[in-house]
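**Q** Dropping in input03.txt, which is compact mmCIF, C-alpha atoms and all ligand atoms:
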# COMPACT_ATOMS: atom_id res chain seq x y z
CA MET A 1 0.00 0.00 0.00
CA LEU A 2 1.13 3.57 -0.61
CA SER A 3 2.44 5.33 2.49
CA LYS A 4 0.86 8.56 3.72
CA GLN A 5 3.67 10.52 2.06
CA LYS A 6 3.41 8.69 -1.27
CA THR A 7 -0.37 9.05 -1.21
CA MET A 8 -0.03 12.83 -0.90
CA GLU A 9 2.60 12.84 -3.68
CA ALA A 10 0.12 11.03 -5.94
CA ILE A 11 -2.72 13.37 -5.00
CA GLU A 12 -0.55 16.47 -5.52
CA LYS A 13 0.08 15.26 -9.08
CA MET A 14 -3.68 14.88 -9.59
CA TYR A 15 -4.23 18.43 -8.29
CA GLN A 16 -1.81 19.62 -10.99
CA MET A 17 -3.65 17.68 -13.68
CA PHE A 18 -7.12 18.84 -12.60
CA PRO A 19 -6.76 22.19 -10.81
CA GLU A 20 -10.35 23.04 -11.73
CA ALA A 21 -11.90 19.89 -10.19
CA HIS A 22 -15.24 20.71 -8.60
CA GLY A 23 -18.70 19.25 -7.99
CA GLU A 24 -20.57 19.10 -11.28
CA LEU A 25 -24.16 19.03 -10.00
CA GLN A 26 -25.71 22.46 -10.57
CA HIS A 27 -27.43 23.96 -7.53
CA ASN A 28 -28.21 27.29 -5.89
CA ASN A 29 -28.67 26.21 -2.27
CA PRO A 30 -28.32 23.16 0.04
CA TYR A 31 -31.90 22.00 -0.72
CA GLU A 32 -31.21 21.89 -4.47
CA LEU A 33 -27.89 20.10 -3.95
CA LEU A 34 -29.46 17.50 -1.65
CA ILE A 35 -32.19 16.71 -4.19
CA ALA A 36 -29.71 16.69 -7.09
CA VAL A 37 -27.42 14.23 -5.29
CA ILE A 38 -30.33 11.90 -4.52
CA LEU A 39 -31.29 12.02 -8.21
CA SER A 40 -27.71 11.30 -9.30
CA ALA A 41 -27.63 7.75 -7.88
CA GLN A 42 -26.89 5.40 -10.80
CA ALA A 43 -27.28 8.34 -13.22
CA THR A 44 -24.86 10.83 -14.74
CA ASP A 45 -24.45 14.37 -13.43
CA VAL A 46 -25.16 15.57 -16.98
CA SER A 47 -28.58 13.90 -17.03
CA VAL A 48 -29.41 15.34 -13.59
CA ASN A 49 -28.33 18.84 -14.62
CA LYS A 50 -30.63 18.66 -17.64
CA ALA A 51 -33.64 17.86 -15.47
CA THR A 52 -33.17 19.93 -12.32
CA PRO A 53 -33.77 23.47 -13.69
CA ALA A 54 -37.39 22.58 -14.57
CA LEU A 55 -37.78 20.56 -11.35
CA PHE A 56 -36.67 23.46 -9.13
CA GLU A 57 -38.65 25.99 -11.14
CA ALA A 58 -41.78 23.94 -10.41
CA PHE A 59 -40.81 23.13 -6.80
CA PRO A 60 -38.42 25.83 -5.57
CA THR A 61 -38.65 24.94 -1.86
CA PRO A 62 -38.98 21.77 0.26
CA GLU A 63 -42.56 22.89 1.01
CA ASP A 64 -43.43 22.92 -2.72
CA LEU A 65 -41.88 19.50 -3.30
CA ALA A 66 -43.53 17.98 -0.22
CA ALA A 67 -46.93 19.27 -1.37
CA ALA A 68 -46.56 17.88 -4.90
CA SER A 69 -47.87 14.44 -5.83
CA VAL A 70 -45.47 11.78 -7.14
CA GLU A 71 -47.37 11.98 -10.46
CA GLU A 72 -46.57 15.71 -10.66
CA ILE A 73 -42.88 15.12 -9.91
CA ILE A 74 -42.30 12.23 -12.33
CA PRO A 75 -42.56 14.22 -15.60
CA LYS A 76 -39.82 16.59 -14.36
CA ILE A 77 -37.31 13.79 -13.76
CA LYS A 78 -38.38 11.18 -16.30
CA THR A 79 -35.11 11.46 -18.23
CA ILE A 80 -33.17 10.24 -15.17
CA GLY A 81 -32.82 6.53 -14.37
CA LEU A 82 -35.00 4.99 -11.63
CA TYR A 83 -37.23 8.06 -11.76
CA ARG A 84 -40.28 6.48 -10.11
CA ASN A 85 -38.45 5.53 -6.91
CA LYS A 86 -36.52 8.78 -6.94
CA ALA A 87 -39.74 10.81 -7.23
CA LYS A 88 -41.05 9.03 -4.13
CA ASN A 89 -37.76 9.55 -2.31
CA ILE A 90 -37.37 13.26 -3.01
CA LYS A 91 -40.99 13.93 -1.99
CA ALA A 92 -40.51 11.94 1.24
CA CYS A 93 -37.19 13.68 1.82
CA ALA A 94 -38.82 17.12 1.47
CA GLN A 95 -41.57 16.06 3.88
CA GLN A 96 -39.01 15.02 6.48
CA LEU A 97 -37.03 18.21 6.02
CA ILE A 98 -40.18 20.07 7.01
CA GLU A 99 -41.34 17.72 9.77
CA ASN A 100 -37.97 17.16 11.45
CA PHE A 101 -35.66 20.00 10.45
CA GLY A 102 -37.80 23.13 10.06
CA GLY A 103 -37.50 23.02 6.26
CA GLN A 104 -33.70 23.32 6.42
CA VAL A 105 -31.11 20.82 5.21
CA PRO A 106 -29.38 19.51 8.36
CA THR A 107 -25.62 19.90 8.76
CA THR A 108 -24.65 16.61 10.41
CA ARG A 109 -24.12 13.22 8.77
CA GLU A 110 -26.34 11.49 11.34
CA ALA A 111 -29.28 13.77 10.52
CA LEU A 112 -28.69 13.64 6.76
CA VAL A 113 -28.66 9.83 6.59
CA SER A 114 -32.02 9.75 8.40
CA LEU A 115 -33.60 11.26 5.25
CA PRO A 116 -35.15 8.99 2.58
CA GLY A 117 -32.79 8.26 -0.31
CA VAL A 118 -29.75 9.61 1.57
CA GLY A 119 -26.84 7.28 2.31
CA ARG A 120 -23.39 8.06 3.64
CA LYS A 121 -22.03 9.06 0.22
CA THR A 122 -24.85 11.53 -0.46
CA ALA A 123 -24.52 12.95 3.05
CA ASN A 124 -20.78 13.48 2.56
CA VAL A 125 -21.31 15.31 -0.75
CA VAL A 126 -23.84 17.62 0.90
CA LEU A 127 -21.62 18.25 3.94
CA GLY A 128 -18.63 19.13 1.75
CA ASP A 129 -20.27 21.02 -1.10
CA ALA A 130 -23.20 22.74 0.59
CA PHE A 131 -21.59 23.54 3.94
CA GLY A 132 -17.81 23.25 3.50
CA ILE A 133 -17.65 20.62 6.25
CA PRO A 134 -14.71 18.23 5.63
CA ALA A 135 -15.90 14.90 4.20
CA ILE A 136 -14.84 12.45 1.52
CA ALA A 137 -17.63 10.89 -0.51
CA VAL A 138 -16.53 7.59 -2.02
CA ASP A 139 -18.17 6.98 -5.39
CA THR A 140 -17.17 4.50 -8.08
CA HIS A 141 -14.32 6.75 -9.33
CA VAL A 142 -12.85 7.45 -5.89
CA GLU A 143 -12.97 3.75 -5.02
CA ARG A 144 -11.43 2.58 -8.32
CA VAL A 145 -8.58 5.12 -8.31
CA SER A 146 -7.79 4.52 -4.61
CA LYS A 147 -7.58 0.78 -5.23
CA ARG A 148 -5.58 0.99 -8.47
CA LEU A 149 -3.00 3.18 -6.81
CA ARG A 150 -3.08 0.92 -3.72
CA ILE A 151 -3.89 3.89 -1.51
CA CYS A 152 -6.17 1.36 0.16
CA LYS A 153 -6.44 -2.42 0.13
CA LEU A 154 -7.93 -4.01 -2.99
CA ASN A 155 -10.61 -5.74 -0.94
CA ALA A 156 -11.50 -2.67 1.15
CA SER A 157 -15.19 -1.88 1.60
CA VAL A 158 -16.47 1.55 0.58
CA LEU A 159 -16.38 2.63 4.23
CA GLU A 160 -12.80 1.33 4.60
CA VAL A 161 -11.77 3.29 1.49
CA GLU A 162 -13.22 6.45 3.05
CA GLU A 163 -11.54 5.79 6.40
CA THR A 164 -8.17 5.10 4.76
CA LEU A 165 -8.38 8.30 2.72
CA MET A 166 -9.29 10.27 5.86
CA ARG A 167 -6.27 8.80 7.68
CA LYS A 168 -3.82 9.57 4.87
CA ILE A 169 -5.05 13.01 3.78
CA PRO A 170 -5.13 16.17 5.92
CA GLU A 171 -8.69 17.14 6.83
CA ASP A 172 -8.57 20.55 5.15
CA LEU A 173 -7.92 18.77 1.83
CA TRP A 174 -10.73 16.20 2.02
CA VAL A 175 -13.29 18.08 -0.10
CA LYS A 176 -10.74 19.18 -2.71
CA THR A 177 -9.31 15.65 -2.89
CA HIS A 178 -12.77 14.12 -3.28
CA HIS A 179 -13.42 16.29 -6.36
CA THR A 180 -9.94 15.72 -7.73
CA LEU A 181 -10.17 11.93 -7.42
CA ILE A 182 -13.51 12.05 -9.26
CA PHE A 183 -12.08 14.14 -12.11
CA PHE A 184 -8.99 11.92 -12.28
CA GLY A 185 -11.17 8.80 -12.44
CA ARG A 186 -13.74 10.27 -14.81
CA TYR A 187 -11.35 11.82 -17.32
CA HIS A 188 -8.00 10.01 -16.99
CA CYS A 189 -7.94 6.77 -14.97
CA THR A 190 -11.22 5.62 -16.49
CA ALA A 191 -12.80 2.25 -15.74
CA ARG A 192 -12.23 0.68 -19.16
CA ASN A 193 -9.33 2.59 -20.71
CA PRO A 194 -7.07 4.19 -18.11
CA ARG A 195 -4.43 6.33 -19.81
CA CYS A 196 -1.46 4.59 -18.16
CA GLU A 197 0.94 5.25 -21.06
CA VAL A 198 0.77 9.01 -20.43
CA CYS A 199 0.07 8.91 -16.69
CA PRO A 200 2.40 10.97 -14.46
CA LEU A 201 1.66 8.52 -11.65
CA LEU A 202 2.79 5.41 -13.53
CA ASP A 203 6.04 5.06 -11.56
CA MET A 204 4.09 4.68 -8.30
CA CYS A 205 1.16 2.67 -9.65
CA GLN A 206 1.35 -1.13 -9.56
CA GLU A 207 -1.88 -1.49 -11.55
CA GLY A 208 -0.51 0.81 -14.28
CA LYS A 209 2.78 -1.11 -14.43
CA ASN A 210 0.91 -4.41 -14.75
CA ARG A 211 -1.26 -2.99 -17.51
CA MET A 212 1.73 -1.59 -19.39
CA LYS A 213 3.52 -4.97 -19.22
CA LEU A 214 0.47 -6.68 -20.74
CA HIS A 215 0.14 -3.92 -23.32
CA ASN A 216 3.81 -4.18 -24.36
CA LYS A 217 3.64 -7.98 -24.47
CA ALA A 218 0.60 -7.84 -26.74
CA LYS A 219 2.46 -5.46 -29.07
CA SER A 220 5.65 -7.56 -29.30
FE1 LIG B 1 -4.66 4.90 -13.38
FE2 LIG B 1 -2.91 3.82 -15.08
FE3 LIG B 1 -2.36 6.15 -13.90
FE4 LIG B 1 -2.35 3.89 -12.49
S1 LIG B 1 -0.95 4.42 -14.16
S2 LIG B 1 -3.28 5.84 -11.88
S3 LIG B 1 -4.01 2.73 -13.47
S4 LIG B 1 -4.01 5.76 -15.36
Could you write out this file's structure as C-alpha cells?
**A**
Amino acid sequence: MLSKQKTMEAIEKMYQMFPEAHGELQHNNPYELLIAVILSAQATDVSVNKATPALFEAFPTPEDLAAASVEEIIPKIKTIGLYRNKAKNIKACAQQLIENFGGQVPTTREALVSLPGVGRKTANVVLGDAFGIPAIAVDTHVERVSKRLRICKLNASVLEVEETLMRKIPEDLWVKTHHTLIFFGRYHCTARNPRCEVCPLLDMCQEGKNRMKLHNKAKS
C-alpha cells in the first residue's frame, strides 16, 4: 500500500492535472444540492443537470416538493434513471425536512442519513459542497482510483476506502481531494481505458505497471 507521504505525492500530481476539479451538480442552495445528489444515484451528473432546472422551477422549496404528488414530480425527472423511486424519495425527503428540520437541510451526517434516499455518500457530498464541512464521498471513481493506486487495500469496503483516505489526507484537503479523485477517475484513470501510457503517476502505480507490461507484451 502507498504510504501517507506517497499518497499525498500522488494526489498532488492529480491536483496539478485537474486544478479546476469541482462538484458538477448544478445547484443554488443546500436544498437543491441535496435533491440533485439523490437524483444522481446510478445516473450521470449531466442527465441530472438537464432535469433539475425545470424541477426546481416547479418546486423551488422543500414545502413545494412535499406538497406535490409523485405523479406531478415524475414528468420533471423522467429522463433520469430509476425516476419512479426517486420521485417518491425526493418527496418523502422534502416532507421530512419540514417535519424534522424546520424546512432546512441539516448539517450533520447522522441527521442527513435519516432522510429517505440519503446514504453516507450523499450525506458526505452535501456536507462538503453545501456547507464546506470536511468529508470524503466515495463513489465509483474514488474507489477505483484509490484501489488501483493501492492507496487502500484491494478488498477494502467503501467505508474502509473512506476511512483510509481520511487517515492519509489532511482534513482541510478532504473536499478538494474528493473532487480531484472524481475528475482523475472520470477523465483520466477511467474504468475501461485508463491512460497509463501518459500517466504521471505510472512510476508509483502497480496497476498501471501491470497494464503496461500486458500492453507491451501484446504489441511484441
Ligand atoms: Fe490509473 Fe494507469 Fe495512472 Fe495507475 S498508471 S493511476 S491505473 S491511469
**Q** Kindly compile the residues surrounding ligand LIG 1 (chain B) within 6 Å, counting only C-alpha atoms and all ligand atoms, and format them as an MDAnalysis selection string.
**A** chainID A and resid 148:149 189 194:196 199 201:202 205 207:208
**Q** Between CA of Thr177 in chain A and CA of Pro53 in chain A, what is the distance, to one decimal in Å?
**A**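 Separation of CA of Thr177 in chain A and CA of Pro53 in chain A: 27.9 Å.
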**Q** Just checking: using all atoms listed in the file, which residue out of A:Glu160, A:Glu197, A:Glu12, A:Asp139 ends up closest to Asn216 in chain A?
**A**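 With all atoms listed in the file as the atom set, the closest residue is A:Glu197.
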**Q** Between A:Arg109, A:His215, A:Gln42, A:Arg186, which is the closest to Phe131 in chain A once you count all atoms listed in the file?
**A** A:Arg109
**Q** Do you have, as a Markdown table, the list of residues of range 103-135 of chain A lying at most 12 Å from range 13-27 of chain A, each with its nearest atom pair and that distance in Å to one decimal, counting all atoms listed in the file and ordered by chain then number?
**A**
| residue | atom | partner | partner_atom | distance |
| --- | --- | --- | --- | --- |
| A:Val125 | CA | A:Gly23 | CA | 8.6 |
| A:Val126 | CA | A:Gly23 | CA | 10.4 |
| A:Gly128 | CA | A:Gly23 | CA | 9.7 |
| A:Asp129 | CA | A:Gly23 | CA | 7.3 |
| A:Ala130 | CA | A:His27 | CA | 9.2 |
**Q** Name all residues at most 12 Å from Leu154 in chain A (count only C-alpha atoms; drop same-chain ones fewer than 3 positions away) and give them as a PyMOL selection string.
**A** chain A and resi 1+143-151+157-158+160-161+164+206-207
**Q** Rounded to one decimal in Å, what is the spacing between CA of Glu32 in chain A and CA of Ala123 in chain A?
**A** 13.5 Å
**Q** If I take CA of Lys76 in chain A and CA of Pro116 in chain A, how far is one from the other in Å, to one decimal?
**A** 19.1 Å
**Q** Excluding same-chain residues fewer than 3 positions from Val70 in chain A, what lies within 12 Å of it counting all atoms listed in the file, as a list in words?
**A** Leu65, Ala66, Ala67, Ile73, Ile74, Pro75, Lys76, Ile77, Lys78, Tyr83, Arg84, Asn85, Lys86, Ala87, Lys88, Asn89, Ile90, Lys91 and Ala92 of chain A
**Q** Using all atoms listed in the file, find the one residue out of A:Val48, A:Met8, A:Ile133, A:Leu159 that sits nearest to Thr79 in chain A.
**A**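 Result for the nearest residue to Thr79 in chain A: A:Val48.
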**Q** For each of A:Met204, A:Leu165, A:Leu115, A:Met212, take the minimum atom-to-atom distance to Phe101 in chain A, counting only C-alpha atoms, then give the residue where this is smallest.
**A**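 Of the candidates, the smallest distance to Phe101 in chain A is held by A:Leu115.
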**Q** Of the residues A:Thr190, A:Thr61, A:Gly81, A:Pro134, which is the one nearest to Asp45 in chain A, using all atoms listed in the file?
**A**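 Under the stated criterion, the closest residue is A:Gly81.
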**Q** Counting all atoms listed in the file, which residue out of A:Phe56, A:Ala135, A:Ala51, A:Leu39 sits closest to Pro170 in chain A?
**A**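 Result for the nearest residue to Pro170 in chain A: A:Ala135.
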**Q** Which centre and edge lengths in Å to one decimal define the box along x, y and z that fits every listed atom of range 145-159 of chain A plus 6 Å per side, as lines of an AutoDock Vina configuration file?
**A**
center_x = -9.7
center_y = -0.3
center_z = -2.1
size_x = 25.5
size_y = 22.9
size_z = 24.7
**Q** At a cut-off of 12 Å, using only C-alpha atoms, what residues contact Pro62 in chain A? Leave out same-chain residues fewer than 2 positions from it and give the result as a ChimeraX atom specification.
**A** /A:29-35,55-56,58-60,64-68,90-99,101-105
**Q** Just write range 41-189 of chain A with C-alpha atoms, as an mmCIF file, in the first residue's frame, taken from the block above.
**A**
data_model
loop_
_atom_site.group_PDB
_atom_site.id
_atom_site.type_symbol
_atom_site.label_atom_id
_atom_site.label_comp_id
_atom_site.auth_asym_id
_atom_site.auth_seq_id
_atom_site.Cartn_x
_atom_site.Cartn_y
_atom_site.Cartn_z
ATOM 1 C CA ALA A 41 -27.630 7.749 -7.882
ATOM 2 C CA GLN A 42 -26.894 5.405 -10.802
ATOM 3 C CA ALA A 43 -27.278 8.339 -13.220
ATOM 4 C CA THR A 44 -24.857 10.831 -14.736
ATOM 5 C CA ASP A 45 -24.453 14.373 -13.431
ATOM 6 C CA VAL A 46 -25.157 15.572 -16.979
ATOM 7 C CA SER A 47 -28.581 13.896 -17.026
ATOM 8 C CA VAL A 48 -29.415 15.336 -13.591
ATOM 9 C CA ASN A 49 -28.330 18.840 -14.620
ATOM 10 C CA LYS A 50 -30.634 18.660 -17.640
ATOM 11 C CA ALA A 51 -33.645 17.858 -15.466
ATOM 12 C CA THR A 52 -33.168 19.934 -12.317
ATOM 13 C CA PRO A 53 -33.771 23.473 -13.694
ATOM 14 C CA ALA A 54 -37.395 22.581 -14.565
ATOM 15 C CA LEU A 55 -37.778 20.565 -11.347
ATOM 16 C CA PHE A 56 -36.672 23.465 -9.133
ATOM 17 C CA GLU A 57 -38.650 25.986 -11.142
ATOM 18 C CA ALA A 58 -41.776 23.936 -10.410
ATOM 19 C CA PHE A 59 -40.810 23.126 -6.802
ATOM 20 C CA PRO A 60 -38.419 25.826 -5.569
ATOM 21 C CA THR A 61 -38.647 24.940 -1.859
ATOM 22 C CA PRO A 62 -38.980 21.775 0.258
ATOM 23 C CA GLU A 63 -42.559 22.890 1.013
ATOM 24 C CA ASP A 64 -43.428 22.923 -2.716
ATOM 25 C CA LEU A 65 -41.877 19.499 -3.297
ATOM 26 C CA ALA A 66 -43.534 17.977 -0.224
ATOM 27 C CA ALA A 67 -46.932 19.274 -1.367
ATOM 28 C CA ALA A 68 -46.558 17.875 -4.901
ATOM 29 C CA SER A 69 -47.867 14.439 -5.830
ATOM 30 C CA VAL A 70 -45.474 11.777 -7.136
ATOM 31 C CA GLU A 71 -47.365 11.980 -10.464
ATOM 32 C CA GLU A 72 -46.571 15.706 -10.660
ATOM 33 C CA ILE A 73 -42.876 15.119 -9.911
ATOM 34 C CA ILE A 74 -42.299 12.226 -12.329
ATOM 35 C CA PRO A 75 -42.564 14.221 -15.605
ATOM 36 C CA LYS A 76 -39.821 16.586 -14.360
ATOM 37 C CA ILE A 77 -37.307 13.786 -13.763
ATOM 38 C CA LYS A 78 -38.384 11.182 -16.299
ATOM 39 C CA THR A 79 -35.108 11.458 -18.227
ATOM 40 C CA ILE A 80 -33.169 10.241 -15.169
ATOM 41 C CA GLY A 81 -32.815 6.525 -14.373
ATOM 42 C CA LEU A 82 -34.997 4.995 -11.629
ATOM 43 C CA TYR A 83 -37.225 8.064 -11.761
ATOM 44 C CA ARG A 84 -40.281 6.484 -10.109
ATOM 45 C CA ASN A 85 -38.446 5.531 -6.907
ATOM 46 C CA LYS A 86 -36.516 8.780 -6.941
ATOM 47 C CA ALA A 87 -39.742 10.814 -7.227
ATOM 48 C CA LYS A 88 -41.052 9.032 -4.134
ATOM 49 C CA ASN A 89 -37.760 9.550 -2.307
ATOM 50 C CA ILE A 90 -37.374 13.260 -3.005
ATOM 51 C CA LYS A 91 -40.989 13.926 -1.991
ATOM 52 C CA ALA A 92 -40.515 11.939 1.242
ATOM 53 C CA CYS A 93 -37.187 13.684 1.819
ATOM 54 C CA ALA A 94 -38.816 17.116 1.469
ATOM 55 C CA GLN A 95 -41.573 16.055 3.876
ATOM 56 C CA GLN A 96 -39.006 15.016 6.477
ATOM 57 C CA LEU A 97 -37.026 18.215 6.021
ATOM 58 C CA ILE A 98 -40.180 20.075 7.012
ATOM 59 C CA GLU A 99 -41.339 17.724 9.770
ATOM 60 C CA ASN A 100 -37.971 17.163 11.449
ATOM 61 C CA PHE A 101 -35.655 20.003 10.446
ATOM 62 C CA GLY A 102 -37.796 23.127 10.057
ATOM 63 C CA GLY A 103 -37.501 23.022 6.262
ATOM 64 C CA GLN A 104 -33.703 23.324 6.425
ATOM 65 C CA VAL A 105 -31.105 20.818 5.212
ATOM 66 C CA PRO A 106 -29.376 19.507 8.364
ATOM 67 C CA THR A 107 -25.625 19.896 8.763
ATOM 68 C CA THR A 108 -24.655 16.613 10.406
ATOM 69 C CA ARG A 109 -24.115 13.220 8.770
ATOM 70 C CA GLU A 110 -26.340 11.494 11.340
ATOM 71 C CA ALA A 111 -29.283 13.769 10.519
ATOM 72 C CA LEU A 112 -28.690 13.638 6.759
ATOM 73 C CA VAL A 113 -28.664 9.827 6.587
ATOM 74 C CA SER A 114 -32.020 9.752 8.402
ATOM 75 C CA LEU A 115 -33.595 11.261 5.253
ATOM 76 C CA PRO A 116 -35.146 8.986 2.584
ATOM 77 C CA GLY A 117 -32.787 8.262 -0.311
ATOM 78 C CA VAL A 118 -29.754 9.614 1.569
ATOM 79 C CA GLY A 119 -26.835 7.277 2.311
ATOM 80 C CA ARG A 120 -23.394 8.064 3.643
ATOM 81 C CA LYS A 121 -22.026 9.063 0.218
ATOM 82 C CA THR A 122 -24.848 11.529 -0.464
ATOM 83 C CA ALA A 123 -24.525 12.949 3.054
ATOM 84 C CA ASN A 124 -20.782 13.475 2.560
ATOM 85 C CA VAL A 125 -21.307 15.310 -0.745
ATOM 86 C CA VAL A 126 -23.844 17.623 0.899
ATOM 87 C CA LEU A 127 -21.618 18.246 3.937
ATOM 88 C CA GLY A 128 -18.628 19.127 1.752
ATOM 89 C CA ASP A 129 -20.265 21.021 -1.098
ATOM 90 C CA ALA A 130 -23.198 22.740 0.595
ATOM 91 C CA PHE A 131 -21.593 23.542 3.941
ATOM 92 C CA GLY A 132 -17.812 23.255 3.495
ATOM 93 C CA ILE A 133 -17.653 20.617 6.250
ATOM 94 C CA PRO A 134 -14.710 18.229 5.631
ATOM 95 C CA ALA A 135 -15.896 14.905 4.204
ATOM 96 C CA ILE A 136 -14.835 12.447 1.515
ATOM 97 C CA ALA A 137 -17.635 10.887 -0.514
ATOM 98 C CA VAL A 138 -16.525 7.590 -2.023
ATOM 99 C CA ASP A 139 -18.166 6.985 -5.387
ATOM 100 C CA THR A 140 -17.166 4.503 -8.077
ATOM 101 C CA HIS A 141 -14.316 6.751 -9.333
ATOM 102 C CA VAL A 142 -12.852 7.447 -5.891
ATOM 103 C CA GLU A 143 -12.968 3.751 -5.022
ATOM 104 C CA ARG A 144 -11.427 2.579 -8.325
ATOM 105 C CA VAL A 145 -8.576 5.119 -8.309
ATOM 106 C CA SER A 146 -7.794 4.524 -4.613
ATOM 107 C CA LYS A 147 -7.576 0.785 -5.234
ATOM 108 C CA ARG A 148 -5.579 0.987 -8.470
ATOM 109 C CA LEU A 149 -3.002 3.182 -6.808
ATOM 110 C CA ARG A 150 -3.076 0.918 -3.720
ATOM 111 C CA ILE A 151 -3.890 3.889 -1.510
ATOM 112 C CA CYS A 152 -6.170 1.363 0.164
ATOM 113 C CA LYS A 153 -6.436 -2.416 0.130
ATOM 114 C CA LEU A 154 -7.933 -4.013 -2.992
ATOM 115 C CA ASN A 155 -10.613 -5.745 -0.937
ATOM 116 C CA ALA A 156 -11.497 -2.672 1.148
ATOM 117 C CA SER A 157 -15.193 -1.883 1.596
ATOM 118 C CA VAL A 158 -16.466 1.554 0.578
ATOM 119 C CA LEU A 159 -16.379 2.626 4.226
ATOM 120 C CA GLU A 160 -12.803 1.332 4.596
ATOM 121 C CA VAL A 161 -11.769 3.290 1.487
ATOM 122 C CA GLU A 162 -13.220 6.449 3.049
ATOM 123 C CA GLU A 163 -11.536 5.786 6.403
ATOM 124 C CA THR A 164 -8.168 5.097 4.756
ATOM 125 C CA LEU A 165 -8.375 8.303 2.721
ATOM 126 C CA MET A 166 -9.292 10.269 5.857
ATOM 127 C CA ARG A 167 -6.272 8.801 7.682
ATOM 128 C CA LYS A 168 -3.824 9.568 4.872
ATOM 129 C CA ILE A 169 -5.050 13.009 3.780
ATOM 130 C CA PRO A 170 -5.132 16.174 5.923
ATOM 131 C CA GLU A 171 -8.694 17.144 6.830
ATOM 132 C CA ASP A 172 -8.568 20.548 5.155
ATOM 133 C CA LEU A 173 -7.916 18.772 1.831
ATOM 134 C CA TRP A 174 -10.735 16.200 2.018
ATOM 135 C CA VAL A 175 -13.291 18.084 -0.104
ATOM 136 C CA LYS A 176 -10.740 19.183 -2.711
ATOM 137 C CA THR A 177 -9.309 15.650 -2.886
ATOM 138 C CA HIS A 178 -12.770 14.122 -3.280
ATOM 139 C CA HIS A 179 -13.416 16.295 -6.362
ATOM 140 C CA THR A 180 -9.937 15.722 -7.732
ATOM 141 C CA LEU A 181 -10.173 11.928 -7.423
ATOM 142 C CA ILE A 182 -13.511 12.047 -9.255
ATOM 143 C CA PHE A 183 -12.079 14.139 -12.113
ATOM 144 C CA PHE A 184 -8.988 11.922 -12.280
ATOM 145 C CA GLY A 185 -11.174 8.795 -12.437
ATOM 146 C CA ARG A 186 -13.739 10.267 -14.806
ATOM 147 C CA TYR A 187 -11.350 11.823 -17.320
ATOM 148 C CA HIS A 188 -8.004 10.007 -16.992
ATOM 149 C CA CYS A 189 -7.943 6.770 -14.965
#
